[in-house]
Structures are given as C-alpha cells and as structure tokens.
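*Asks:* Sharing a structure, written as structure tokens. Questions coming.
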Amino acid sequence: MTLRRRGEKATISIQEHMAIDVCPGPIRPIKQISDYFPRFPRGLPPDAGPRAAAPPDAPARPAAASAGRRSPSDGARDDDEDVDQLFGAYGASPGPSPGPSPARPPAKPPEDEPDADGYESDDCTALGTLDFSLLYDQENNALHCTISKAKGLKPMDHNGLADPYVKLHLLPGASKANKLRTKTLRNTLNPTWNETLTYYGITDEDMIRKTLRISVCDEDKFRHNEFIGETRVPLKKLKANHTKTFSVCLEKQLPVDKTEDKSLEERGRILISLKYSSQKQGLLVGIVRCAHLAAMDANGYSDPYVKTYLKPDVDKKSKHKTAVKKKTLNPEFNEEFCYEIKHGDLAKKTLEVTVWDYDIGKSNDFIGGVVLGINAKGERLKHWFDCLKNKDKRIERWHTLTSELPGAVLSD
C-alpha cells in the first residue's frame, strides 16, 4: 500500500479495491428469502426457540477459549443454523443438532378446496345447473317452457364471470325457425331469468317424437357467442296439462344427428281450419296464423303471406292468397277461402298450402309449405279425413312447414 503525503487525496489501486470488497472464504449458496420466512399452517412450532438449550450434563466451555478457536466461516455457519433451527422445526435440519430433533406432528388430511377454476359449482358438474319447468297445453297446442335460474355456471369472460342466456330448439329439425331464447343477464354466474318461452302449434305427434334441447350460452359483443352447457328433454316424458319441474346438471355439447333429411327441415308452423259447407257446396279453407317462421330478411324477420291451391287444378283457378304481414315471424291472418266442389270429389283432391316472404324489386322467397290430402301422412292425412267425415264442422289443426314439397312447383 502506498503512503500518501499530508494534504494529498487518497488514491486506491484496483488491486486494493478488490482486496477490500472481496471477502476471502469458502463460496456458499445464497439463501432465498423464503428460507427465512417459511409458512406455518398453525403458527410457529411451540418448541422453536432462539437456541436449543444444551444438555445439563454437558461440560461448559469458556467463552474466551471458544471464541479463540472460531473462524469467520464457523460464525456464519452458526448463524445459519440458528435461523434454520428457529424456522425449520418441521423440516429436515441442514446440519447435525446437539439435541434430539423435535417430533413431527401427524399430517392432517387436506381440507376441501374450491374448484381450480375458482367458481361456485355443484358437485355433479363443472358447467353449472339449470332449473326450469315444462307444460304441454294440449287444448291450445302450446308448449310453455319456464326458465327459472342457473347456478354455478362456468366463467367465460376475463373478469371471471359470464353474460348468460338460454336458447331452445326442437329436435329433430332444429333451425332458426324453432329457436327461442331468453334475455341476456350481465356479469353473473348465478342468473335468475323467470322467463316463459312458448312454442305454438305443438301436436300430439310432436310430443311423441320431438326432443327439447335447452342450451346455456355466453353472449359476446365482439365475437361469436360461446357455448356453456346443455340438457335435452324428450317431450314424451311430459303429461298433457301437467307442469313438470326439472333441476339438472348441464352437459357438454352433444352431437346432433346429421343423417336427418334436410328436405324436411322445419321452417315454422301454420294453423289451418277445414270445413265442408253443405250450404255453400264447397270446401272452406281458413288460414288462421303462423308461428316461428324462418327469417328470410337481413333484419331477422320476414314479410309473410300464404297461398293455397286445390290440386289437380286443370283450369288454374284455385289459387288464393292472403294479405302480406310486414316484419313478423308470427303473423295472424284469419282469412278464409272457398273452393266450390262436390263433397264426393274431395277424396281425389290435394290441398297445397305454401308460405312466402314478400320482397320488393326481386322474386319472393319460399319459406315453407304443407300438403293435405289422401297421399299425406300423419296429422296431415288425419286432418283431411276428419274434414271429409264431418260435414259442416270446422276442424282446426297445426301443421309443420317443411322446406320442400314433393311434386310441388315452388315458384311465385
């Protein structure tokens, strides 16, 4: 080390700087902060003290002699052992301990923890549960679906919540025409709707072969809505005019049968009345109303009207047409047409009913249709025969509209 004169500034060489800053000794691993502050489930152990007491029969060592034999590394090791002994009573000691190690308490069984996703959920599902009730009003051919509430829905948004709504479909034949939906409730995993959705034109035949699909979805403003879960109820499980309540666990999306005939895709329902009038010597065809029509316009609606034909129509004079109802999928017409024909000739005739969407400046769009007559099946055949058997009696039935009619010329 160089000597400096009086008044000179102290200068330290790089070698002296390194000698000052670097402490000689063995290189030891740096402890993490968590080693000094471990987490104890029930506080510090009762037997953890600042230092384990020496056995009474151990010979006492003079403090001076002990201090004289200690090296700097020994002091650092003792300090680490003090910290480890204080905070590491439940773990393995890093070095030999002069006294017996404290007994490890028996491990407690883990307590029930919430789901990993951090939301309320019933034990039966991670998607949530849904409460609803169904009522088939046989007299009015209506299926009332009351959506009550959901509980413990799966979070779908970044805030850990969802914007849920419920939509209904009738299978087979699911389409936009038979979709119903509730309002959307914002930022909740336990929504309460208490909303009743009604399908009109449900027949006894539908109750035997149809299944109601109930889906819970999350609405997103800037992207596609997301599916949460669903449940399905075969309508044959319901008793007419009897409300049945359900509380079910939502399931993952089930596959839809793709083998069904697309030509028979449902496009809505129509309520038709038939009556053979002995007084007028003709068939009275009433177009009462339509329900759940397919939307054909960009605004999500249609401008529907109905046309009827009694075929074969050699003279092409059997066409009748209702008025156009603007911007609706559930129009009410309440119009009646008369076909002058002998009762005995009706068995050879077929009634063709088609529903159209009116468009200005371009061709009208076909929505759907139905054919009643001796070549029909199911409810359509039964309706026709009931009309023939019961003169002067008005018989009203709902029928399903399909996207194609066998043998029909679908042009307006």
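Order determines the names: the first chain of the structure tokens is A, the second B, and so forth; residues in each chain are numbered 1 upward, and ligands are numbered 1 upward as they are shown.
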Name all residues at most 9 Å from region 358-360 of chain A (count only C-alpha atoms; drop same-chain ones fewer than 3 positions away) and give them as a ChimeraX atom specification.
*Replies:* /A:297,302-305,324-326,363-365
*Asks:* Neighbouring residues of Leu197 (chain A) were defined as those with any atom within 7 Å, considering only C-alpha atoms; residues of the same chain fewer than 6 positions away were excluded. Please report them as JSON, numbers by chain.
*Replies:* {"A": [144, 145, 146, 180]}
*Asks:* List the neighbours of region 343-348 of chain A out to 10 Å using only C-alpha atoms; skip same-chain residues closer than 2 positions along the sequence, and give me the result as a PyMOL selection string.
*Replies:* chain A and resi 276-278+281-283+310-312+340-341+350-351+373-375+384-385+387-388+391
*Asks:* Let me make sure I understand: among A:Ile214, A:Met156, A:Ile208, A:Val166, which one has the smallest atom-to-atom distance to Ala240 (chain A) if we use only C-alpha atoms?
*Replies:*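 Nearest to Ala240 (chain A): A:Ile208.
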